[in-house]
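Enquirer: model37.cif is reproduced in full below (mmCIF, C-alpha atoms; chains and numbers go by the auth columns).
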```
data_coords
#
loop_
_atom_site.group_PDB
_atom_site.id
_atom_site.type_symbol
_atom_site.label_atom_id
_atom_site.label_comp_id
_atom_site.label_asym_id
_atom_site.label_seq_id
_atom_site.Cartn_x
_atom_site.Cartn_y
_atom_site.Cartn_z
_atom_site.B_iso_or_equiv
_atom_site.auth_seq_id
_atom_site.auth_asym_id
ATOM 1 C CA MET A 1 -5.933 -4.403 -60.245 0.00 1 A
ATOM 2 C CA ASN A 2 -3.178 -2.608 -62.134 0.00 2 A
ATOM 3 C CA SER A 3 -1.438 -5.277 -64.220 0.00 3 A
ATOM 4 C CA SER A 4 1.878 -3.403 -64.112 0.00 4 A
ATOM 5 C CA ILE A 5 2.145 -3.531 -60.315 0.00 5 A
ATOM 6 C CA LYS A 6 4.794 -5.911 -59.008 0.00 6 A
ATOM 7 C CA LYS A 7 6.016 -5.868 -55.423 0.00 7 A
ATOM 8 C CA ASN A 8 8.659 -7.876 -53.609 0.00 8 A
ATOM 9 C CA LEU A 9 8.348 -7.499 -49.848 0.00 9 A
ATOM 10 C CA LEU A 10 10.550 -8.873 -47.091 0.00 10 A
ATOM 11 C CA PHE A 11 9.646 -9.058 -43.399 0.00 11 A
ATOM 12 C CA SER A 12 12.277 -9.719 -40.742 0.00 12 A
ATOM 13 C CA GLY A 13 12.442 -9.857 -36.983 0.00 13 A
ATOM 14 C CA VAL A 14 12.736 -12.297 -34.132 0.00 14 A
ATOM 15 C CA GLY A 15 10.315 -14.859 -32.761 0.00 15 A
ATOM 16 C CA GLY A 16 7.459 -13.399 -30.752 0.00 16 A
ATOM 17 C CA GLN A 17 7.274 -10.063 -32.596 0.00 17 A
ATOM 18 C CA GLY A 18 4.428 -11.018 -34.921 0.00 18 A
ATOM 19 C CA ILE A 19 6.342 -11.125 -38.207 0.00 19 A
ATOM 20 C CA LEU A 20 4.415 -14.122 -39.508 0.00 20 A
ATOM 21 C CA LEU A 21 1.077 -12.484 -38.695 0.00 21 A
ATOM 22 C CA ILE A 22 1.770 -9.292 -40.626 0.00 22 A
ATOM 23 C CA SER A 23 3.291 -11.124 -43.583 0.00 23 A
ATOM 24 C CA GLU A 24 0.177 -13.330 -43.718 0.00 24 A
ATOM 25 C CA LEU A 25 -2.105 -10.276 -43.551 0.00 25 A
ATOM 26 C CA THR A 26 -0.110 -8.709 -46.389 0.00 26 A
ATOM 27 C CA ALA A 27 -0.410 -11.808 -48.567 0.00 27 A
ATOM 28 C CA ARG A 28 -4.150 -11.996 -47.912 0.00 28 A
ATOM 29 C CA ALA A 29 -4.635 -8.282 -48.640 0.00 29 A
ATOM 30 C CA ALA A 30 -2.871 -8.726 -51.989 0.00 30 A
ATOM 31 C CA ILE A 31 -5.061 -11.755 -52.806 0.00 31 A
ATOM 32 C CA HIS A 32 -8.139 -9.757 -51.784 0.00 32 A
ATOM 33 C CA ALA A 33 -7.011 -7.040 -54.226 0.00 33 A
ATOM 34 C CA GLY A 34 -6.864 -9.599 -57.049 0.00 34 A
ATOM 35 C CA PHE A 35 -3.129 -10.239 -57.294 0.00 35 A
ATOM 36 C CA ASP A 36 -1.319 -13.528 -57.707 0.00 36 A
ATOM 37 C CA VAL A 37 0.660 -13.976 -54.490 0.00 37 A
ATOM 38 C CA LYS A 38 3.505 -16.190 -53.333 0.00 38 A
ATOM 39 C CA LYS A 39 4.703 -16.300 -49.721 0.00 39 A
ATOM 40 C CA THR A 40 7.322 -18.200 -47.817 0.00 40 A
ATOM 41 C CA GLU A 41 8.837 -18.028 -44.362 0.00 41 A
ATOM 42 C CA VAL A 42 12.009 -19.147 -42.641 0.00 42 A
ATOM 43 C CA HIS A 43 12.315 -19.697 -38.909 0.00 43 A
ATOM 44 C CA GLY A 44 15.679 -19.618 -37.174 0.00 44 A
ATOM 45 C CA ALA A 45 15.931 -21.091 -33.716 0.00 45 A
ATOM 46 C CA ALA A 46 12.615 -22.674 -32.835 0.00 46 A
ATOM 47 C CA GLN A 47 11.941 -20.472 -29.828 0.00 47 A
ATOM 48 C CA ARG A 48 11.034 -16.908 -29.018 0.00 48 A
ATOM 49 C CA GLY A 49 13.995 -14.746 -29.906 0.00 49 A
ATOM 50 C CA GLY A 50 15.131 -16.732 -32.954 0.00 50 A
ATOM 51 C CA SER A 51 15.438 -15.047 -36.345 0.00 51 A
ATOM 52 C CA VAL A 52 12.280 -15.057 -38.500 0.00 52 A
ATOM 53 C CA VAL A 53 11.983 -13.878 -42.105 0.00 53 A
ATOM 54 C CA SER A 54 9.120 -13.988 -44.585 0.00 54 A
ATOM 55 C CA HIS A 55 9.005 -13.174 -48.304 0.00 55 A
ATOM 56 C CA VAL A 56 5.770 -11.936 -49.901 0.00 56 A
ATOM 57 C CA ARG A 57 5.627 -11.305 -53.656 0.00 57 A
ATOM 58 C CA PHE A 58 2.616 -10.156 -55.629 0.00 58 A
ATOM 59 C CA SER A 59 1.913 -9.225 -59.232 0.00 59 A
ATOM 60 C CA GLN A 60 -0.367 -10.284 -62.085 0.00 60 A
ATOM 61 C CA LYS A 61 1.626 -13.548 -62.123 0.00 61 A
ATOM 62 C CA VAL A 62 4.296 -14.710 -59.662 0.00 62 A
ATOM 63 C CA TYR A 63 6.342 -17.878 -60.167 0.00 63 A
ATOM 64 C CA SER A 64 8.588 -18.051 -57.101 0.00 64 A
ATOM 65 C CA PRO A 65 7.964 -17.087 -53.472 0.00 65 A
ATOM 66 C CA LEU A 66 11.574 -16.003 -52.940 0.00 66 A
ATOM 67 C CA SER A 67 12.918 -12.580 -53.828 0.00 67 A
ATOM 68 C CA LYS A 68 16.452 -12.372 -55.167 0.00 68 A
ATOM 69 C CA VAL A 69 19.210 -10.364 -53.492 0.00 69 A
ATOM 70 C CA GLY A 70 18.889 -6.750 -54.634 0.00 70 A
ATOM 71 C CA ASP A 71 15.283 -7.201 -55.797 0.00 71 A
ATOM 72 C CA VAL A 72 13.192 -6.314 -52.717 0.00 72 A
ATOM 73 C CA ASP A 73 11.079 -3.151 -52.906 0.00 73 A
ATOM 74 C CA ILE A 74 10.334 -2.882 -49.180 0.00 74 A
ATOM 75 C CA LEU A 75 12.007 -4.452 -46.150 0.00 75 A
ATOM 76 C CA LEU A 76 9.957 -4.207 -42.969 0.00 76 A
ATOM 77 C CA SER A 77 12.063 -5.144 -39.966 0.00 77 A
ATOM 78 C CA LEU A 78 10.744 -5.318 -36.423 0.00 78 A
ATOM 79 C CA GLU A 79 14.282 -5.502 -35.009 0.00 79 A
ATOM 80 C CA LYS A 80 17.245 -3.340 -36.051 0.00 80 A
ATOM 81 C CA LEU A 81 19.931 -6.022 -36.309 0.00 81 A
ATOM 82 C CA GLU A 82 17.602 -8.206 -38.380 0.00 82 A
ATOM 83 C CA GLY A 83 17.063 -5.205 -40.652 0.00 83 A
ATOM 84 C CA LEU A 84 20.813 -4.923 -41.114 0.00 84 A
ATOM 85 C CA ARG A 85 21.102 -8.666 -41.719 0.00 85 A
ATOM 86 C CA TRP A 86 18.589 -8.616 -44.593 0.00 86 A
ATOM 87 C CA ALA A 87 19.245 -5.166 -46.090 0.00 87 A
ATOM 88 C CA HIS A 88 21.303 -6.563 -48.980 0.00 88 A
ATOM 89 C CA TYR A 89 18.073 -7.964 -50.427 0.00 89 A
ATOM 90 C CA VAL A 90 16.737 -4.429 -50.951 0.00 90 A
ATOM 91 C CA LYS A 91 17.103 -2.897 -54.406 0.00 91 A
ATOM 92 C CA ASP A 92 18.736 0.456 -55.133 0.00 92 A
ATOM 93 C CA GLY A 93 16.385 3.145 -53.878 0.00 93 A
ATOM 94 C CA GLY A 94 14.273 0.576 -52.033 0.00 94 A
ATOM 95 C CA ILE A 95 12.566 1.230 -48.723 0.00 95 A
ATOM 96 C CA ILE A 96 13.610 -0.045 -45.300 0.00 96 A
ATOM 97 C CA LEU A 97 11.087 0.426 -42.501 0.00 97 A
ATOM 98 C CA LEU A 98 12.982 -0.189 -39.291 0.00 98 A
ATOM 99 C CA ASN A 99 11.453 -0.624 -35.857 0.00 99 A
ATOM 100 C CA ASN A 100 13.578 1.128 -33.254 0.00 100 A
ATOM 101 C CA GLU A 101 14.041 -2.021 -31.183 0.00 101 A
ATOM 102 C CA GLU A 102 17.250 -3.789 -30.248 0.00 102 A
ATOM 103 C CA ARG A 103 17.219 -7.394 -29.065 0.00 103 A
ATOM 104 C CA SER A 104 20.607 -8.925 -28.487 0.00 104 A
ATOM 105 C CA PRO A 105 20.971 -12.241 -30.323 0.00 105 A
ATOM 106 C CA GLN A 106 20.982 -15.454 -28.329 0.00 106 A
ATOM 107 C CA PRO A 107 24.655 -16.171 -27.526 0.00 107 A
ATOM 108 C CA MET A 108 26.076 -19.313 -29.122 0.00 108 A
ATOM 109 C CA THR A 109 29.112 -19.262 -26.830 0.00 109 A
ATOM 110 C CA GLU A 110 30.027 -17.769 -23.469 0.00 110 A
ATOM 111 C CA LYS A 111 31.826 -14.934 -25.245 0.00 111 A
ATOM 112 C CA LYS A 112 29.909 -11.656 -24.947 0.00 112 A
ATOM 113 C CA VAL A 113 28.962 -10.067 -28.265 0.00 113 A
ATOM 114 C CA GLU A 114 28.289 -6.339 -28.432 0.00 114 A
ATOM 115 C CA TYR A 115 25.205 -5.098 -30.248 0.00 115 A
ATOM 116 C CA PRO A 116 26.216 -3.149 -33.388 0.00 116 A
ATOM 117 C CA GLN A 117 25.917 0.619 -33.085 0.00 117 A
ATOM 118 C CA ASN A 118 24.647 3.184 -35.621 0.00 118 A
ATOM 119 C CA ILE A 119 22.661 0.710 -37.721 0.00 119 A
ATOM 120 C CA GLU A 120 20.296 3.396 -39.029 0.00 120 A
ATOM 121 C CA GLU A 121 23.166 5.673 -40.018 0.00 121 A
ATOM 122 C CA PHE A 122 24.955 2.831 -41.786 0.00 122 A
ATOM 123 C CA LEU A 123 21.873 1.822 -43.775 0.00 123 A
ATOM 124 C CA SER A 124 21.032 5.447 -44.612 0.00 124 A
ATOM 125 C CA SER A 125 24.550 5.929 -45.986 0.00 125 A
ATOM 126 C CA LYS A 126 23.878 3.212 -48.540 0.00 126 A
ATOM 127 C CA ARG A 127 21.406 3.245 -51.405 0.00 127 A
ATOM 128 C CA TYR A 128 18.291 2.772 -49.285 0.00 128 A
ATOM 129 C CA ASN A 129 15.437 5.011 -48.164 0.00 129 A
ATOM 130 C CA VAL A 130 15.354 4.294 -44.425 0.00 130 A
ATOM 131 C CA GLN A 131 12.623 5.242 -41.978 0.00 131 A
ATOM 132 C CA THR A 132 13.029 4.343 -38.320 0.00 132 A
ATOM 133 C CA ILE A 133 9.812 4.132 -36.309 0.00 133 A
ATOM 134 C CA ASP A 134 9.607 3.809 -32.526 0.00 134 A
ATOM 135 C CA ALA A 135 6.656 1.449 -32.858 0.00 135 A
ATOM 136 C CA ILE A 136 6.904 -0.045 -29.353 0.00 136 A
ATOM 137 C CA SER A 137 6.551 3.366 -27.688 0.00 137 A
ATOM 138 C CA ILE A 138 3.711 4.404 -29.984 0.00 138 A
ATOM 139 C CA ALA A 139 1.877 1.114 -29.439 0.00 139 A
ATOM 140 C CA SER A 140 2.371 1.380 -25.667 0.00 140 A
ATOM 141 C CA GLU A 141 0.840 4.873 -25.736 0.00 141 A
ATOM 142 C CA MET A 142 -2.112 3.375 -27.613 0.00 142 A
ATOM 143 C CA GLY A 143 -2.615 0.786 -24.880 0.00 143 A
ATOM 144 C CA ASN A 144 -0.727 -2.351 -25.955 0.00 144 A
ATOM 145 C CA TYR A 145 2.907 -2.649 -27.067 0.00 145 A
ATOM 146 C CA ARG A 146 2.017 -5.795 -29.036 0.00 146 A
ATOM 147 C CA ALA A 147 0.417 -3.614 -31.720 0.00 147 A
ATOM 148 C CA ALA A 148 3.898 -2.421 -32.777 0.00 148 A
ATOM 149 C CA ASN A 149 3.902 -4.858 -35.698 0.00 149 A
ATOM 150 C CA THR A 150 0.599 -3.453 -36.993 0.00 150 A
ATOM 151 C CA ILE A 151 1.973 0.097 -36.801 0.00 151 A
ATOM 152 C CA LEU A 152 4.848 -0.956 -39.076 0.00 152 A
ATOM 153 C CA LEU A 153 2.359 -2.751 -41.323 0.00 153 A
ATOM 154 C CA GLY A 154 0.393 0.478 -41.715 0.00 154 A
ATOM 155 C CA ALA A 155 3.570 2.360 -42.587 0.00 155 A
ATOM 156 C CA MET A 156 4.389 -0.238 -45.238 0.00 156 A
ATOM 157 C CA ALA A 157 0.858 -0.420 -46.643 0.00 157 A
ATOM 158 C CA SER A 158 1.112 3.104 -48.029 0.00 158 A
ATOM 159 C CA HIS A 159 3.834 1.907 -50.413 0.00 159 A
ATOM 160 C CA THR A 160 2.181 -1.296 -51.657 0.00 160 A
ATOM 161 C CA GLU A 161 -0.517 0.157 -53.923 0.00 161 A
ATOM 162 C CA ILE A 162 -3.065 -2.105 -52.216 0.00 162 A
ATOM 163 C CA ALA A 163 -6.157 -0.016 -51.412 0.00 163 A
ATOM 164 C CA ASP A 164 -7.179 0.442 -47.773 0.00 164 A
ATOM 165 C CA GLU A 165 -10.431 -1.455 -48.286 0.00 165 A
ATOM 166 C CA HIS A 166 -8.482 -4.691 -48.850 0.00 166 A
ATOM 167 C CA TRP A 167 -6.305 -4.240 -45.758 0.00 167 A
ATOM 168 C CA LEU A 168 -9.307 -3.462 -43.579 0.00 168 A
ATOM 169 C CA ALA A 169 -11.338 -6.393 -44.908 0.00 169 A
ATOM 170 C CA VAL A 170 -8.491 -8.824 -44.282 0.00 170 A
ATOM 171 C CA MET A 171 -7.869 -7.560 -40.751 0.00 171 A
ATOM 172 C CA LYS A 172 -11.562 -7.859 -39.923 0.00 172 A
ATOM 173 C CA GLU A 173 -11.630 -11.412 -41.312 0.00 173 A
ATOM 174 C CA ASN A 174 -8.455 -12.644 -39.609 0.00 174 A
ATOM 175 C CA LEU A 175 -7.893 -10.820 -36.322 0.00 175 A
ATOM 176 C CA ASN A 176 -9.477 -11.748 -33.012 0.00 176 A
ATOM 177 C CA PRO A 177 -12.393 -9.360 -32.328 0.00 177 A
ATOM 178 C CA LYS A 178 -10.849 -8.566 -28.922 0.00 178 A
ATOM 179 C CA ILE A 179 -7.809 -6.963 -30.562 0.00 179 A
ATOM 180 C CA LEU A 180 -9.362 -5.785 -33.822 0.00 180 A
ATOM 181 C CA GLU A 181 -10.134 -2.185 -32.840 0.00 181 A
ATOM 182 C CA LEU A 182 -6.646 -1.631 -31.408 0.00 182 A
ATOM 183 C CA ASN A 183 -5.025 -3.065 -34.521 0.00 183 A
ATOM 184 C CA LEU A 184 -7.169 -0.996 -36.886 0.00 184 A
ATOM 185 C CA LYS A 185 -6.107 2.138 -34.986 0.00 185 A
ATOM 186 C CA ALA A 186 -2.466 1.000 -34.998 0.00 186 A
ATOM 187 C CA PHE A 187 -2.626 0.403 -38.745 0.00 187 A
ATOM 188 C CA GLU A 188 -3.982 3.928 -39.322 0.00 188 A
ATOM 189 C CA ARG A 189 -1.331 5.388 -37.007 0.00 189 A
ATOM 190 C CA GLY A 190 1.369 3.651 -39.020 0.00 190 A
ATOM 191 C CA LYS A 191 0.023 5.103 -42.246 0.00 191 A
ATOM 192 C CA GLU A 192 0.246 8.584 -40.716 0.00 192 A
ATOM 193 C CA LEU A 193 3.919 8.023 -39.865 0.00 193 A
ATOM 194 C CA THR A 194 4.989 7.290 -43.414 0.00 194 A
ATOM 195 C CA TYR A 195 6.716 10.320 -44.764 0.00 195 A
ATOM 196 C CA SER A 196 6.223 11.386 -48.353 0.00 196 A
ATOM 197 C CA SER A 197 9.893 11.320 -49.365 0.00 197 A
ATOM 198 C CA VAL A 198 10.125 7.525 -49.061 0.00 198 A
#
```
Could you rewrite the structure in this file as structure tokens?

Expert:
Amino acid sequence: MNSSIKKNLLFSGVGGQGILLISELTARAAIHAGFDVKKTEVHGAAQRGGSVVSHVRFSQKVYSPLSKVGDVDILLSLEKLEGLRWAHYVKDGGIILLNNEERSPQPMTEKKVEYPQNIEEFLSSKRYNVQTIDAISIASEMGNYRAANTILLGAMASHTEIADEHWLAVMKENLNPKILELNLKAFERGKELTYSSV
């Protein structure tokens, strides 16, 4: 373990996308690699479709599970609007990995709300390194759209400085054997999608 490594990660999405699973796998991979890890999660509406966010921080020593605004190294968002909602937590030059999925928020009133347009362009115009990945389509081509979260996890893993052996060990320990092979392939596919300029 490199004692100078310190990472603040933020995961966002909506209920049912598997945010809590991939944030848990990340925390366990960091522990497996010998880091001190703190993790917390916040659920919005207590049903599928509600906002979900999870903070994962790892270093030689971590005191708080929550990252401060402007202090996140990588934001992984499984839904574009949730990525926009949490982008202000990302530091200057930080990375935003954005799934190309739009889910309209649950309406609180009868008034129709339009989904914001050009989210990627807006975020790219700021101080962030943004990569949009069509993870649902890629996962569907691989045989199961539910592996979209693991594709994004693979894309993020390349930037965490956690060696592959730790990720693979944790997935083998924690994923159902029925879906393990698919998720290992999805993880590798995500790593291939990460471009070098991020």

Enquirer: Return as a VMD selection string the set of residues that the PyMOL selection byres ((chain A and resi 29) around 12) yields on the displayed structure.

Expert: chain A and resid 22 to 28 30 to 37 56 to 58 153 157 160 to 174

Enquirer: Give me the residues near Ala147 in chain A as an MDAnalysis selection string, where near means some atom within 10 Å (using all atoms listed in the file) and where sequence neighbours in that chain fewer than 5 positions away do not count.

Expert: chainID A and resid 17:18 135:136 138:140 142 152:153 179 182:187

Enquirer: Expand the PyMOL selection byres ((chain A and resi 134) around 12) into the individual residues it matches in the shown file, reporting them as an NGL selection string.

Expert: :A and (77-80 or 97-102 or 131-133 or 135-141 or 145 or 147-149 or 151-152 or 155 or 189-190 or 193)

Enquirer: Tell me, as a PDB file with C-alpha atoms, in the coordinates of the input, which residues lie within 12 Å of Phe122 in chain A, counting only C-alpha atoms; anything in the same chain fewer than 5 positions away does not count.

Expert:
```pdb
ATOM      1  CA  LYS A  80      17.245  -3.340 -36.051  1.00  0.00           C
ATOM      2  CA  LEU A  81      19.931  -6.022 -36.309  1.00  0.00           C
ATOM      3  CA  GLY A  83      17.063  -5.205 -40.652  1.00  0.00           C
ATOM      4  CA  LEU A  84      20.813  -4.923 -41.114  1.00  0.00           C
ATOM      5  CA  ALA A  87      19.245  -5.166 -46.090  1.00  0.00           C
ATOM      6  CA  PRO A 116      26.216  -3.149 -33.388  1.00  0.00           C
ATOM      7  CA  GLN A 117      25.917   0.619 -33.085  1.00  0.00           C
ATOM      8  CA  ARG A 127      21.406   3.245 -51.405  1.00  0.00           C
ATOM      9  CA  TYR A 128      18.291   2.772 -49.285  1.00  0.00           C
ATOM     10  CA  ASN A 129      15.437   5.011 -48.164  1.00  0.00           C
ATOM     11  CA  VAL A 130      15.354   4.294 -44.425  1.00  0.00           C
TER      12      VAL A 130
END
```

Enquirer: List every protein, DNA or RNA residue with an atom no more than 8 Å from (4.8, -6.5, -55.8) in the file's coordinates, counting all atoms listed in the file, and format the result as a ChimeraX atom specification.

Expert: /A:5-9,57-59,73,160

Enquirer: Hey, can you check how far CA of Ser51 in chain A sits from CA of Gly13 in chain A?

Expert: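 Between these atoms lies a distance of 6.0 Å.
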
Enquirer: What separation in Å, quoted to one decimal, exists between CA of Arg146 in chain A and CA of Leu21 in chain A?

Expert: 11.8 Å

Enquirer: May I ask for the distance between CA of Tyr63 in chain A and CA of Met156 in chain A, given in Å to one decimal place?

Expert: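 One can read the CA of Tyr63 in chain A to CA of Met156 in chain A distance as 23.2 Å.
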
Enquirer: With all atoms listed in the file as the atoms that count, which of A:Leu66, A:Val90, A:Ile74, A:Val53 lies nearest to Lys38 in chain A?

Expert: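 The shortest atom-to-atom distance to Lys38 in chain A comes from A:Leu66.
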
Enquirer: Calculate, to one decimal in Å, the centre and edge lengths of the box along x, y and z of the file that holds all listed atoms of range 175-186 of chain A with 8 Å of margin on each side, and present them as AutoDock Vina command-line options.

Expert:
```
--center_x -7.4 --center_y -4.8 --center_z -32.9 --size_x 25.9 --size_y 29.9 --size_z 24.0
```
